[in-house]
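Have a look at the structure below, then the notes.
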Amino acid sequence: MSSHPPIPTRVVLLAGPSGSGKSSFAARSGLPVLCLDDFYKEAGDPTLPQVPGSADIDWDSPLSWDEDVAVAAIVELCQKGRTRVPVYDIATSSRTGEEPMDIERTPLFVAEGIFAADIVARCRELGVLADAICLRGRPATTFRRRLLRDLREGRKSVPFLLRRGWRLMRAERAIVARQAALGAHPCGKDEAFGRVAAAAAGRCVKAKNTATIT
């Protein structure tokens, strides 16, 4: 009997503005989900950027996020099917621990977060990218969804959330354009589900075509 190496796991990177529905979309996909927001830097890190003209930390800048650690976790999931991820408390901007993530032999998983587009090129070069998607919608809808979520979860102070929400609503089209330029395909949820299904179907076809009976 001849054996074949297991089909490698790959990742669908799910980007989009904050409040665009990435988390709910990822949950509905039925695939394992790596939350990239857990790789934020902690409060007090001297490399954290500030909003120009403000004392606020710019949590929407990629400089507020530990890209190298996030990419390493994705690669480990693709190669080994398991890794350890930080547990991050957004309200206190701190890591409160870490926990294991095990996707076993699942050939496809989703990594979602506002900085997902920033690692499209690296994941492609590393051979682990299945697809990259940027969810987009109406800025006013995104603003409302984001504010209600952040208030419900007590993520930051109300004045901060309002300032951030207004700034992001005005910048939303530019945010989507930037993520698209980085390689994430901008689309609504229906098209995005189709792309995820196509990536999953492609995995199944490949697995079937490479199987050998001896």
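Ligands are numbered from 1 in the order shown, residues from 1 within each chain, and chains are lettered A, B, ... in the order they appear in the structure tokens.
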Give me the residues of segment 118-200 of chain A that have any atom at most 9 Å from an atom of segment 88-93 of chain A; for each, the nearest atom pair and the distance in Å, rounded to one decimal. Use only C-alpha atoms, sort by chain and number, and format it as a tab-separated table.
```
residue	atom	partner	partner_atom	distance
A:Glu153	CA	A:Ala91	CA	8.2
A:Gly154	CA	A:Ala91	CA	6.4
A:Arg155	CA	A:Ala91	CA	4.2
A:Lys156	CA	A:Ala91	CA	5.5
A:Ser157	CA	A:Ala91	CA	8.7
```
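The shell of residues at most 10 Å from Arg138 of chain A, with only C-alpha atoms counted and near chain neighbours (fewer than 6 positions) removed, consists of Ser20, Met169, Glu172 and Arg173 of chain A.
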Could you save those same residues with N, CA, C and O atoms as a PDB file, in the first residue's frame?
```pdb
ATOM      1  N   SER A  20     -17.869  45.353   9.897  1.00  0.00           N
ATOM      2  CA  SER A  20     -18.405  44.912   8.612  1.00  0.00           C
ATOM      3  C   SER A  20     -19.050  43.534   8.678  1.00  0.00           C
ATOM      4  O   SER A  20     -19.617  43.070   7.695  1.00  0.00           O
ATOM      5  N   MET A 169     -16.142  55.833   9.840  1.00  0.00           N
ATOM      6  CA  MET A 169     -17.209  55.944   8.852  1.00  0.00           C
ATOM      7  C   MET A 169     -16.771  56.829   7.689  1.00  0.00           C
ATOM      8  O   MET A 169     -17.014  56.512   6.520  1.00  0.00           O
ATOM      9  N   GLU A 172     -14.204  54.823   5.550  1.00  0.00           N
ATOM     10  CA  GLU A 172     -14.492  53.426   5.208  1.00  0.00           C
ATOM     11  C   GLU A 172     -14.172  53.084   3.760  1.00  0.00           C
ATOM     12  O   GLU A 172     -13.585  52.032   3.474  1.00  0.00           O
ATOM     13  N   ARG A 173     -14.555  53.927   2.820  1.00  0.00           N
ATOM     14  CA  ARG A 173     -14.281  53.611   1.415  1.00  0.00           C
ATOM     15  C   ARG A 173     -12.782  53.534   1.149  1.00  0.00           C
ATOM     16  O   ARG A 173     -12.326  52.681   0.373  1.00  0.00           O
TER      17      ARG A 173
END
```
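Comparing the minimum interatomic distances between Ala192 of chain A and each of A:Val176, A:Cys35, A:Ala55, A:Leu135, counting only C-alpha atoms, we find that A:Leu135 sits nearest.
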Quiz item: Per DSSP on the backbone, what are the helix (DSSP H, G or I) residues of segment 68-166 of chain A, as a VMD selection string?
Solution: chain A and resid 68 to 80 116 to 125 139 to 153 158 to 166
Writing out the chosen residues with N, CA and C atoms as a short mmCIF file (atom, residue, chain, number, x, y, z; two decimals), in the first residue's frame:
```cif
data_model
loop_
_atom_site.label_atom_id
_atom_site.label_comp_id
_atom_site.auth_asym_id
_atom_site.auth_seq_id
_atom_site.Cartn_x
_atom_site.Cartn_y
_atom_site.Cartn_z
N ASP A 68 3.91 39.50 12.91
CA ASP A 68 4.79 38.33 12.84
C ASP A 68 4.23 37.15 13.64
N VAL A 69 3.73 37.42 14.82
CA VAL A 69 3.18 36.35 15.66
C VAL A 69 1.91 35.78 15.03
N ALA A 70 1.09 36.64 14.42
CA ALA A 70 -0.13 36.17 13.77
C ALA A 70 0.20 35.26 12.59
N VAL A 71 1.14 35.67 11.76
CA VAL A 71 1.53 34.86 10.61
C VAL A 71 2.10 33.52 11.07
N ALA A 72 2.91 33.55 12.12
CA ALA A 72 3.50 32.31 12.64
C ALA A 72 2.40 31.35 13.10
N ALA A 73 1.34 31.88 13.72
CA ALA A 73 0.24 31.03 14.17
C ALA A 73 -0.50 30.42 12.99
N ILE A 74 -0.71 31.21 11.94
CA ILE A 74 -1.37 30.69 10.74
C ILE A 74 -0.56 29.57 10.11
N VAL A 75 0.73 29.79 9.98
CA VAL A 75 1.60 28.79 9.36
C VAL A 75 1.61 27.51 10.19
N GLU A 76 1.65 27.65 11.52
CA GLU A 76 1.66 26.46 12.38
C GLU A 76 0.35 25.68 12.25
N LEU A 77 -0.78 26.40 12.15
CA LEU A 77 -2.06 25.72 11.95
C LEU A 77 -2.06 24.97 10.62
N CYS A 78 -1.50 25.59 9.58
CA CYS A 78 -1.46 24.95 8.27
C CYS A 78 -0.55 23.73 8.27
N GLN A 79 0.54 23.80 8.98
CA GLN A 79 1.52 22.72 8.96
C GLN A 79 1.21 21.61 9.96
N LYS A 80 0.72 21.99 11.13
CA LYS A 80 0.55 21.02 12.21
C LYS A 80 -0.90 20.80 12.64
N ALA A 116 -6.28 41.56 8.30
CA ALA A 116 -6.05 40.35 7.53
C ALA A 116 -5.44 40.65 6.16
N ALA A 117 -5.85 41.75 5.54
CA ALA A 117 -5.33 42.07 4.20
C ALA A 117 -3.84 42.37 4.24
N ASP A 118 -3.35 42.81 5.40
CA ASP A 118 -1.94 43.18 5.50
C ASP A 118 -1.01 41.98 5.41
N ILE A 119 -1.55 40.76 5.53
CA ILE A 119 -0.69 39.58 5.47
C ILE A 119 -1.00 38.70 4.25
N VAL A 120 -1.78 39.24 3.31
CA VAL A 120 -2.10 38.47 2.11
C VAL A 120 -0.82 38.07 1.37
N ALA A 121 0.05 39.03 1.12
CA ALA A 121 1.27 38.74 0.35
C ALA A 121 2.15 37.72 1.07
N ARG A 122 2.28 37.85 2.38
CA ARG A 122 3.12 36.91 3.13
C ARG A 122 2.54 35.50 3.11
N CYS A 123 1.22 35.39 3.28
CA CYS A 123 0.61 34.06 3.26
C CYS A 123 0.69 33.44 1.87
N ARG A 124 0.57 34.26 0.84
CA ARG A 124 0.72 33.74 -0.52
C ARG A 124 2.14 33.23 -0.75
N GLU A 125 3.13 34.02 -0.33
CA GLU A 125 4.52 33.61 -0.51
C GLU A 125 4.84 32.35 0.27
N PRO A 139 -21.34 52.37 4.69
CA PRO A 139 -20.65 52.94 5.85
C PRO A 139 -21.57 53.23 7.03
N ALA A 140 -22.79 53.73 6.76
CA ALA A 140 -23.71 54.04 7.86
C ALA A 140 -24.12 52.77 8.60
N THR A 141 -24.33 51.69 7.86
CA THR A 141 -24.69 50.42 8.48
C THR A 141 -23.53 49.87 9.30
N THR A 142 -22.33 49.97 8.74
CA THR A 142 -21.15 49.52 9.47
C THR A 142 -20.97 50.31 10.75
N PHE A 143 -21.16 51.64 10.68
CA PHE A 143 -21.04 52.51 11.86
C PHE A 143 -21.99 52.05 12.96
N ARG A 144 -23.26 51.83 12.59
CA ARG A 144 -24.25 51.44 13.58
C ARG A 144 -23.94 50.08 14.19
N ARG A 145 -23.58 49.12 13.34
CA ARG A 145 -23.27 47.77 13.83
C ARG A 145 -22.06 47.80 14.76
N ARG A 146 -21.03 48.54 14.37
CA ARG A 146 -19.80 48.61 15.16
C ARG A 146 -20.06 49.26 16.52
N LEU A 147 -20.81 50.37 16.52
CA LEU A 147 -21.06 51.09 17.77
C LEU A 147 -21.88 50.25 18.73
N LEU A 148 -22.94 49.61 18.24
CA LEU A 148 -23.77 48.77 19.11
C LEU A 148 -22.95 47.62 19.70
N ARG A 149 -22.12 47.00 18.88
CA ARG A 149 -21.27 45.90 19.36
C ARG A 149 -20.31 46.39 20.43
N ASP A 150 -19.63 47.49 20.16
CA ASP A 150 -18.60 47.98 21.08
C ASP A 150 -19.20 48.46 22.39
N LEU A 151 -20.38 49.08 22.33
CA LEU A 151 -21.06 49.49 23.55
C LEU A 151 -21.51 48.27 24.35
N ARG A 152 -22.06 47.28 23.65
CA ARG A 152 -22.54 46.06 24.32
C ARG A 152 -21.41 45.34 25.03
N GLU A 153 -20.25 45.31 24.39
CA GLU A 153 -19.11 44.59 24.95
C GLU A 153 -18.24 45.46 25.85
N VAL A 158 -17.22 55.46 26.02
CA VAL A 158 -18.18 55.94 25.03
C VAL A 158 -17.60 57.07 24.18
N PRO A 159 -16.95 58.09 24.78
CA PRO A 159 -16.37 59.15 23.93
C PRO A 159 -15.36 58.62 22.92
N PHE A 160 -14.52 57.67 23.34
CA PHE A 160 -13.55 57.09 22.42
C PHE A 160 -14.26 56.37 21.28
N LEU A 161 -15.29 55.58 21.61
CA LEU A 161 -16.00 54.82 20.58
C LEU A 161 -16.68 55.74 19.57
N LEU A 162 -17.23 56.85 20.05
CA LEU A 162 -17.87 57.79 19.14
C LEU A 162 -16.85 58.47 18.23
N ARG A 163 -15.73 58.88 18.81
CA ARG A 163 -14.68 59.50 17.99
C ARG A 163 -14.16 58.52 16.95
N ARG A 164 -13.89 57.32 17.39
CA ARG A 164 -13.37 56.31 16.46
C ARG A 164 -14.42 55.96 15.40
N GLY A 165 -15.66 55.82 15.82
CA GLY A 165 -16.70 55.45 14.87
C GLY A 165 -16.90 56.49 13.79
N TRP A 166 -16.90 57.75 14.17
CA TRP A 166 -17.07 58.82 13.18
C TRP A 166 -15.90 58.85 12.22
#
```
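The nearest approach to Val87 of chain A among the residues A:Pro100, A:Gly137, A:Gly188, A:Pro49, with only C-alpha atoms taken into account, belongs to A:Pro100.
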Quiz item: Out of A:Pro17, A:Val196, A:Ser29, A:Val11, which residue has the shortest atom-to-atom distance to Ala174 of chain A when counting only C-alpha atoms?
Solution: A:Pro17
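Excluding Arg82 of chain A and any residue on its chain fewer than 6 positions from it, the residues at most 7 Å away by only C-alpha atoms are A:Glu76, A:Met101, A:Asp102, A:Ile103, A:Glu104.
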Output N, CA and C atoms for every residue in the selection just made, as a PDB file, in the first residue's frame.
```pdb
ATOM      1  N   GLU A  76       1.647  27.647  11.520  1.00  0.00           N
ATOM      2  CA  GLU A  76       1.655  26.464  12.375  1.00  0.00           C
ATOM      3  C   GLU A  76       0.348  25.683  12.253  1.00  0.00           C
ATOM      4  N   MET A 101      -5.357  26.089  20.098  1.00  0.00           N
ATOM      5  CA  MET A 101      -6.318  25.996  18.993  1.00  0.00           C
ATOM      6  C   MET A 101      -5.937  24.780  18.176  1.00  0.00           C
ATOM      7  N   ASP A 102      -6.876  23.886  17.984  1.00  0.00           N
ATOM      8  CA  ASP A 102      -6.623  22.633  17.280  1.00  0.00           C
ATOM      9  C   ASP A 102      -7.686  22.458  16.201  1.00  0.00           C
ATOM     10  N   ILE A 103      -7.269  22.478  14.941  1.00  0.00           N
ATOM     11  CA  ILE A 103      -8.219  22.279  13.841  1.00  0.00           C
ATOM     12  C   ILE A 103      -8.083  20.876  13.253  1.00  0.00           C
ATOM     13  N   GLU A 104      -7.265  20.049  13.886  1.00  0.00           N
ATOM     14  CA  GLU A 104      -7.042  18.660  13.477  1.00  0.00           C
ATOM     15  C   GLU A 104      -6.656  18.608  11.993  1.00  0.00           C
TER      16      GLU A 104
END
```
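In terms of minimum interatomic distance to Leu108 of chain A, A:Leu31 ranks closest within A:Leu31, A:Gly19, A:Tyr40, A:Arg167, counting only C-alpha atoms.
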Quiz prompt | Nearest-residue call for Ser18 of chain A, choices A:Ser64, A:Leu182, A:Arg105, A:Trp59, using only C-alpha atoms | solution = A:Trp59
